[in-house]
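Visitor: Have a peek at upload11.pdb (PDB, C-alpha atoms, pLDDT in the B column).
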ATOM      1  CA  MET A   1       0.000   0.000   0.000  1.00 68.00           C
ATOM      2  CA  GLU A   2       1.288   3.477  -0.831  1.00 92.00           C
ATOM      3  CA  PHE A   3       2.318   5.284   2.366  1.00 91.00           C
ATOM      4  CA  GLN A   4      -0.077   8.244   2.006  1.00 90.00           C
ATOM      5  CA  ASN A   5      -2.975   5.818   1.463  1.00 88.00           C
ATOM      6  CA  LEU A   6      -1.865   3.794   4.474  1.00 89.00           C
ATOM      7  CA  ILE A   7      -1.985   6.919   6.641  1.00 90.00           C
ATOM      8  CA  LYS A   8      -5.375   7.930   5.240  1.00 88.00           C
ATOM      9  CA  ASN A   9      -6.797   4.423   5.803  1.00 89.00           C
ATOM     10  CA  ARG A  10      -5.745   4.232   9.463  1.00 92.00           C
ATOM     11  CA  PHE A  11      -8.500   5.022  11.923  1.00 93.00           C
ATOM     12  CA  SER A  12      -9.351   4.132  15.515  1.00 94.00           C
ATOM     13  CA  VAL A  13     -11.141   0.794  15.428  1.00 95.00           C
ATOM     14  CA  ARG A  14     -13.403   0.045  18.380  1.00 95.00           C
ATOM     15  CA  SER A  15     -15.322  -2.906  16.983  1.00 94.00           C
ATOM     16  CA  PHE A  16     -13.694  -6.139  15.852  1.00 96.00           C
ATOM     17  CA  LYS A  17     -14.857  -9.286  14.095  1.00 96.00           C
ATOM     18  CA  ASN A  18     -14.772 -12.501  16.100  1.00 94.00           C
ATOM     19  CA  THR A  19     -11.849 -13.776  14.022  1.00 96.00           C
ATOM     20  CA  ALA A  20      -8.487 -14.988  15.302  1.00 96.00           C
ATOM     21  CA  ILE A  21      -5.376 -13.177  14.118  1.00 98.00           C
ATOM     22  CA  GLU A  22      -2.744 -15.287  12.427  1.00 98.00           C
ATOM     23  CA  PRO A  23       0.479 -15.558  14.506  1.00 98.00           C
ATOM     24  CA  ALA A  24       2.533 -14.373  11.510  1.00 98.00           C
ATOM     25  CA  LYS A  25       0.549 -11.109  11.462  1.00 98.00           C
ATOM     26  CA  ILE A  26       1.076 -10.564  15.189  1.00 98.00           C
ATOM     27  CA  ASN A  27       4.801 -11.100  14.660  1.00 98.00           C
ATOM     28  CA  MET A  28       4.835  -8.602  11.759  1.00 98.00           C
ATOM     29  CA  ILE A  29       3.289  -5.990  14.045  1.00 98.00           C
ATOM     30  CA  LEU A  30       5.770  -6.719  16.833  1.00 98.00           C
ATOM     31  CA  GLU A  31       8.628  -6.552  14.327  1.00 98.00           C
ATOM     32  CA  ALA A  32       7.432  -3.129  13.167  1.00 98.00           C
ATOM     33  CA  GLY A  33       7.660  -1.924  16.775  1.00 98.00           C
ATOM     34  CA  ARG A  34      11.061  -3.522  17.252  1.00 98.00           C
ATOM     35  CA  LEU A  35      12.437  -1.781  14.167  1.00 98.00           C
ATOM     36  CA  ALA A  36      11.250   1.685  15.224  1.00 98.00           C
ATOM     37  CA  PRO A  37      13.865   4.342  15.930  1.00 98.00           C
ATOM     38  CA  SER A  38      14.554   5.461  19.485  1.00 97.00           C
ATOM     39  CA  ALA A  39      16.742   8.081  21.133  1.00 96.00           C
ATOM     40  CA  VAL A  40      20.375   6.942  21.016  1.00 96.00           C
ATOM     41  CA  ASN A  41      19.000   3.571  19.785  1.00 96.00           C
ATOM     42  CA  PHE A  42      18.380   2.517  23.408  1.00 96.00           C
ATOM     43  CA  GLN A  43      15.104   0.761  22.460  1.00 97.00           C
ATOM     44  CA  PRO A  44      13.556   1.132  25.942  1.00 97.00           C
ATOM     45  CA  TRP A  45      10.425  -0.895  25.258  1.00 97.00           C
ATOM     46  CA  HIS A  46       8.692  -4.142  26.023  1.00 98.00           C
ATOM     47  CA  PHE A  47       5.541  -5.544  24.423  1.00 98.00           C
ATOM     48  CA  ILE A  48       3.185  -7.894  26.252  1.00 98.00           C
ATOM     49  CA  VAL A  49       0.966  -9.877  23.881  1.00 98.00           C
ATOM     50  CA  VAL A  50      -2.350 -10.796  25.494  1.00 97.00           C
ATOM     51  CA  GLN A  51      -4.577 -13.318  23.729  1.00 96.00           C
ATOM     52  CA  GLN A  52      -5.700 -15.918  26.255  1.00 95.00           C
ATOM     53  CA  THR A  53      -9.321 -15.420  27.285  1.00 93.00           C
ATOM     54  CA  GLU A  54      -8.612 -15.134  31.020  1.00 94.00           C
ATOM     55  CA  ASN A  55      -5.975 -12.452  30.412  1.00 95.00           C
ATOM     56  CA  LEU A  56      -8.140 -10.545  27.931  1.00 94.00           C
ATOM     57  CA  LYS A  57     -10.827 -10.372  30.638  1.00 92.00           C
ATOM     58  CA  LYS A  58      -8.326  -8.761  33.033  1.00 94.00           C
ATOM     59  CA  ILE A  59      -8.218  -5.714  30.793  1.00 93.00           C
ATOM     60  CA  LYS A  60     -11.765  -4.799  31.876  1.00 91.00           C
ATOM     61  CA  ALA A  61     -10.388  -4.191  35.376  1.00 93.00           C
ATOM     62  CA  ILE A  62      -8.050  -1.491  34.056  1.00 96.00           C
ATOM     63  CA  TYR A  63     -10.125  -0.191  31.130  1.00 97.00           C
ATOM     64  CA  PRO A  64     -13.835  -0.792  31.747  1.00 93.00           C
ATOM     65  CA  ARG A  65     -15.102  -0.067  28.228  1.00 94.00           C
ATOM     66  CA  GLU A  66     -17.083  -2.910  26.699  1.00 92.00           C
ATOM     67  CA  TRP A  67     -15.757  -2.507  23.144  1.00 94.00           C
ATOM     68  CA  ILE A  68     -12.221  -3.557  24.067  1.00 94.00           C
ATOM     69  CA  THR A  69     -13.380  -7.099  24.805  1.00 90.00           C
ATOM     70  CA  SER A  70     -14.157  -7.582  21.102  1.00 94.00           C
ATOM     71  CA  ALA A  71     -10.420  -7.469  20.245  1.00 97.00           C
ATOM     72  CA  PRO A  72      -8.899 -10.962  19.975  1.00 97.00           C
ATOM     73  CA  VAL A  73      -5.400  -9.661  20.794  1.00 98.00           C
ATOM     74  CA  LEU A  74      -4.102  -6.836  22.958  1.00 98.00           C
ATOM     75  CA  ILE A  75      -0.556  -5.572  23.077  1.00 98.00           C
ATOM     76  CA  ILE A  76       0.514  -3.696  26.191  1.00 98.00           C
ATOM     77  CA  ALA A  77       3.343  -1.390  25.107  1.00 98.00           C
ATOM     78  CA  CYS A  78       5.665  -0.508  27.972  1.00 98.00           C
ATOM     79  CA  SER A  79       8.537   1.924  28.517  1.00 97.00           C
ATOM     80  CA  ASP A  80      11.615   0.990  30.498  1.00 96.00           C
ATOM     81  CA  HIS A  81      12.617   4.242  32.169  1.00 94.00           C
ATOM     82  CA  SER A  82      15.820   2.682  33.503  1.00 94.00           C
ATOM     83  CA  LYS A  83      17.030   2.178  29.925  1.00 95.00           C
ATOM     84  CA  SER A  84      15.718   5.290  28.153  1.00 96.00           C
ATOM     85  CA  TRP A  85      17.877   8.214  27.115  1.00 96.00           C
ATOM     86  CA  LYS A  86      17.658  11.383  29.246  1.00 97.00           C
ATOM     87  CA  ARG A  87      18.458  14.811  27.799  1.00 95.00           C
ATOM     88  CA  ARG A  88      21.464  16.294  29.641  1.00 95.00           C
ATOM     89  CA  LEU A  89      20.218  19.883  29.753  1.00 96.00           C
ATOM     90  CA  ASP A  90      17.005  19.218  31.641  1.00 97.00           C
ATOM     91  CA  GLY A  91      16.776  15.458  32.233  1.00 94.00           C
ATOM     92  CA  LYS A  92      13.806  14.999  29.874  1.00 95.00           C
ATOM     93  CA  ASP A  93      13.126  11.283  29.564  1.00 94.00           C
ATOM     94  CA  SER A  94      12.650  10.073  25.974  1.00 96.00           C
ATOM     95  CA  ALA A  95      10.764   6.900  26.967  1.00 96.00           C
ATOM     96  CA  ASP A  96       7.298   8.238  26.108  1.00 95.00           C
ATOM     97  CA  ILE A  97       8.504   9.527  22.744  1.00 96.00           C
ATOM     98  CA  ASP A  98      10.255   6.252  21.946  1.00 98.00           C
ATOM     99  CA  ILE A  99       7.272   4.055  22.795  1.00 98.00           C
ATOM    100  CA  SER A 100       4.984   6.370  20.817  1.00 97.00           C
ATOM    101  CA  ILE A 101       7.133   5.963  17.710  1.00 98.00           C
ATOM    102  CA  ALA A 102       7.148   2.172  18.148  1.00 98.00           C
ATOM    103  CA  VAL A 103       3.370   2.017  18.652  1.00 98.00           C
ATOM    104  CA  ASP A 104       2.772   4.226  15.627  1.00 97.00           C
ATOM    105  CA  HIS A 105       4.877   1.847  13.509  1.00 97.00           C
ATOM    106  CA  MET A 106       2.777  -1.026  14.873  1.00 98.00           C
ATOM    107  CA  THR A 107      -0.541   0.671  14.075  1.00 97.00           C
ATOM    108  CA  LEU A 108       0.511   1.398  10.499  1.00 97.00           C
ATOM    109  CA  GLN A 109       1.728  -2.173  10.043  1.00 97.00           C
ATOM    110  CA  ALA A 110      -1.623  -3.425  11.322  1.00 97.00           C
ATOM    111  CA  VAL A 111      -3.491  -1.366   8.714  1.00 96.00           C
ATOM    112  CA  GLU A 112      -1.229  -2.566   5.915  1.00 96.00           C
ATOM    113  CA  ILE A 113      -2.061  -6.208   6.677  1.00 97.00           C
ATOM    114  CA  GLY A 114      -5.801  -5.665   7.026  1.00 96.00           C
ATOM    115  CA  LEU A 115      -6.093  -5.280  10.794  1.00 97.00           C
ATOM    116  CA  GLY A 116      -7.392  -2.421  12.886  1.00 96.00           C
ATOM    117  CA  THR A 117      -6.394  -0.969  16.214  1.00 97.00           C
ATOM    118  CA  CYS A 118      -6.885   1.991  18.528  1.00 96.00           C
ATOM    119  CA  TRP A 119      -4.477   3.676  20.920  1.00 95.00           C
ATOM    120  CA  VAL A 120      -5.726   3.266  24.489  1.00 97.00           C
ATOM    121  CA  CYS A 121      -3.884   5.409  27.025  1.00 96.00           C
ATOM    122  CA  ASN A 122      -6.646   6.184  29.517  1.00 96.00           C
ATOM    123  CA  PHE A 123      -6.314   3.107  31.708  1.00 97.00           C
ATOM    124  CA  ASP A 124      -5.210   2.237  35.237  1.00 98.00           C
ATOM    125  CA  ALA A 125      -1.473   1.730  34.672  1.00 97.00           C
ATOM    126  CA  LYS A 126      -0.779   0.741  38.282  1.00 97.00           C
ATOM    127  CA  LYS A 127      -3.419  -2.000  38.216  1.00 97.00           C
ATOM    128  CA  CYS A 128      -2.133  -3.084  34.786  1.00 98.00           C
ATOM    129  CA  SER A 129       1.341  -3.543  36.257  1.00 98.00           C
ATOM    130  CA  GLU A 130      -0.104  -5.664  39.057  1.00 97.00           C
ATOM    131  CA  LEU A 131      -2.274  -7.848  36.816  1.00 97.00           C
ATOM    132  CA  PHE A 132       0.446  -8.517  34.240  1.00 98.00           C
ATOM    133  CA  ASN A 133       3.473  -8.741  36.578  1.00 97.00           C
ATOM    134  CA  ILE A 134       5.192  -5.698  35.105  1.00 97.00           C
ATOM    135  CA  PRO A 135       8.332  -4.682  37.042  1.00 96.00           C
ATOM    136  CA  GLU A 136       8.274  -1.377  38.911  1.00 93.00           C
ATOM    137  CA  HIS A 137      10.785   0.397  36.619  1.00 93.00           C
ATOM    138  CA  ILE A 138       8.703  -0.427  33.524  1.00 96.00           C
ATOM    139  CA  GLU A 139       5.613   1.646  32.757  1.00 97.00           C
ATOM    140  CA  PRO A 140       2.645   0.372  30.742  1.00 98.00           C
ATOM    141  CA  VAL A 141       1.914   3.286  28.393  1.00 98.00           C
ATOM    142  CA  VAL A 142      -0.436   2.071  25.656  1.00 98.00           C
ATOM    143  CA  ILE A 143      -2.871  -0.791  25.233  1.00 98.00           C
ATOM    144  CA  LEU A 144      -3.160  -1.652  21.556  1.00 98.00           C
ATOM    145  CA  PRO A 145      -6.210  -3.792  20.745  1.00 98.00           C
ATOM    146  CA  LEU A 146      -5.830  -5.696  17.459  1.00 98.00           C
ATOM    147  CA  GLY A 147      -8.344  -7.383  15.233  1.00 98.00           C
ATOM    148  CA  TYR A 148     -10.169  -7.417  11.945  1.00 98.00           C
ATOM    149  CA  PRO A 149     -12.335  -4.279  11.857  1.00 96.00           C
ATOM    150  CA  ASP A 150     -16.075  -4.807  12.091  1.00 93.00           C
ATOM    151  CA  ILE A 151     -16.775  -1.212  11.020  1.00 86.00           C
ATOM    152  CA  SER A 152     -15.980   1.047   8.094  1.00 85.00           C
ATOM    153  CA  ALA A 153     -13.644   3.984   8.292  1.00 84.00           C
ATOM    154  CA  PRO A 154     -15.383   7.231   9.234  1.00 87.00           C
ATOM    155  CA  GLU A 155     -14.559  10.440   7.409  1.00 86.00           C
ATOM    156  CA  LYS A 156     -11.443  11.955   8.965  1.00 85.00           C
ATOM    157  CA  LYS A 157     -11.670  15.506  10.227  1.00 90.00           C
ATOM    158  CA  ARG A 158      -8.281  17.154  10.152  1.00 90.00           C
ATOM    159  CA  LYS A 159      -7.206  20.757  10.445  1.00 95.00           C
ATOM    160  CA  PRO A 160      -5.978  22.316   7.212  1.00 93.00           C
ATOM    161  CA  LEU A 161      -2.211  22.280   6.744  1.00 94.00           C
ATOM    162  CA  GLU A 162      -1.974  26.085   6.748  1.00 95.00           C
ATOM    163  CA  GLU A 163      -3.570  26.188  10.220  1.00 95.00           C
ATOM    164  CA  ILE A 164      -0.878  24.023  11.790  1.00 96.00           C
ATOM    165  CA  THR A 165       2.233  24.814   9.735  1.00 96.00           C
ATOM    166  CA  HIS A 166       4.630  27.664  10.509  1.00 94.00           C
ATOM    167  CA  TRP A 167       7.555  28.488   8.243  1.00 95.00           C
ATOM    168  CA  GLU A 168      10.807  29.716   9.826  1.00 96.00           C
ATOM    169  CA  THR A 169       9.153  30.972  13.034  1.00 93.00           C
ATOM    170  CA  PHE A 170       5.863  30.554  14.885  1.00 95.00           C
TER     171      PHE A 170
END
In C-alpha cells, write the structure found in this file.

Guide:
Amino acid sequence: MEFQNLIKNRFSVRSFKNTAIEPAKINMILEAGRLAPSAVNFQPWHFIVVQQTENLKKIKAIYPREWITSAPVLIIACSDHSKSWKRRLDGKDSADIDISIAVDHMTLQAVEIGLGTCWVCNFDAKKCSELFNIPEHIEPVVILPLGYPDISAPEKKRKPLEEITHWETF
C-alpha cells in the first residue's frame, strides 16, 4: 500500500470481528515496533501480547469499556525508564517519545495487513502492572487492541495544513 494511502486508511477501530489473528501477522506488528527508531537507539520498550481469554478479561479491570473485549489480541506497550535516554540539559526522559514511535509503527503495520487498532492510554497503569506482573521500573503506556475491523472507516476531520504549519518561526 502506498504510504499516504496507508496513513489515510488508518483510523481508531473500536469494533472487531470474532476472528483470530494469524500468529505471523502478530509477529509482523511486533517486528514493526522492534524496528522503530529510538533516542540513542536505546530501544527502551517491552511488548506484552495478550490473547488468552482469562488475560483478555483482566483488561476490563483497568479499562472498563465494553468494546475492548471484542479485540482478539491486545498488546501492552511498555517503557523501560531505567534504559531510556535522558536529555542532559534538563533530564527529559525520551521513553514516552520512543514508545509512541514504536506504537505508531505497529498501528501502520496493522493497517497494511488488514487489521485495525486503537491507541488506548486512559487506563489504570498501576493495576495493569499488578495484573500482568510488570516490574516497577517499567511503565505500561499504551494498550493496543488488534483485530479485523467490524466497522468502516469514518470520514477523517483534520485541520488544514496552513492552520498548523509555521515556516521559519511561529

Visitor: Give me, as an NGL selection string, all polymer residues having an atom no more than 10 Å from Ser82 of chain A, counting only C-alpha atoms and skipping those fewer than 6 positions away in the same chain.

Guide: :A and (44 or 93 or 95 or 137-138)

Visitor: Nearest residue to Arg10 of chain A out of A:Asp104, A:Glu139, A:Glu162, A:Glu130, using only C-alpha atoms?

Guide: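 Of A:Asp104, A:Glu139, A:Glu162, A:Glu130, the one nearest Arg10 of chain A is A:Asp104, counting only C-alpha atoms.
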
Visitor: Between atom CA of Val49 of chain A and atom CA of Ile151 of chain A, measure the distance and give it in Å to one decimal.

Guide: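 Between atom CA of Val49 of chain A and atom CA of Ile151 of chain A the gap is 23.6 Å.
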
Visitor: If the PyMOL selection byres ((chain A and resi 26-28) around 10) were run on this exact file, what residues would it hold? Put them as JSON, numbers by chain.

Guide: {"A": [21, 22, 23, 24, 25, 29, 30, 31, 32, 33, 34, 49, 73, 75, 106, 109, 110, 113, 115, 146, 147]}

Visitor: Find the residues around Lys57 of chain A up to 12 Å (all atoms listed in the file counted), leave out those fewer than 6 positions away in its own chain, and share them as JSON, numbers by chain.

Guide: {"A": [50, 51, 63, 64, 65, 66, 67, 68, 69, 70, 71, 72, 73, 74, 131, 132]}

Visitor: Pick out the closest residue to Ser79 of chain A from this set: A:Val142, A:Leu35, A:Leu161, A:Ile99. Count all atoms listed in the file.

Guide: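 That would be A:Ile99, the residue with the smallest distance to Ser79 of chain A.
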
Visitor: Under the rule that only C-alpha atoms are counted, which of A:Ala39, A:Ala20, A:Ala77, A:Leu108 is the nearest residue to Gln52 of chain A?

Guide: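 Using only C-alpha atoms, Gln52 of chain A sits closest to A:Ala20.
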
Visitor: Would you compute, for all listed atoms of segment 68-80 of chain A, the axis-aligned bounding box grown by 8 Å on each side, and then report its centre and edge lengths in Å rounded to one decimal, as JSON?

Guide:
{"center_x": -1.3, "center_y": -4.5, "center_z": 25.2, "size_x": 41.8, "size_y": 28.9, "size_z": 26.5}
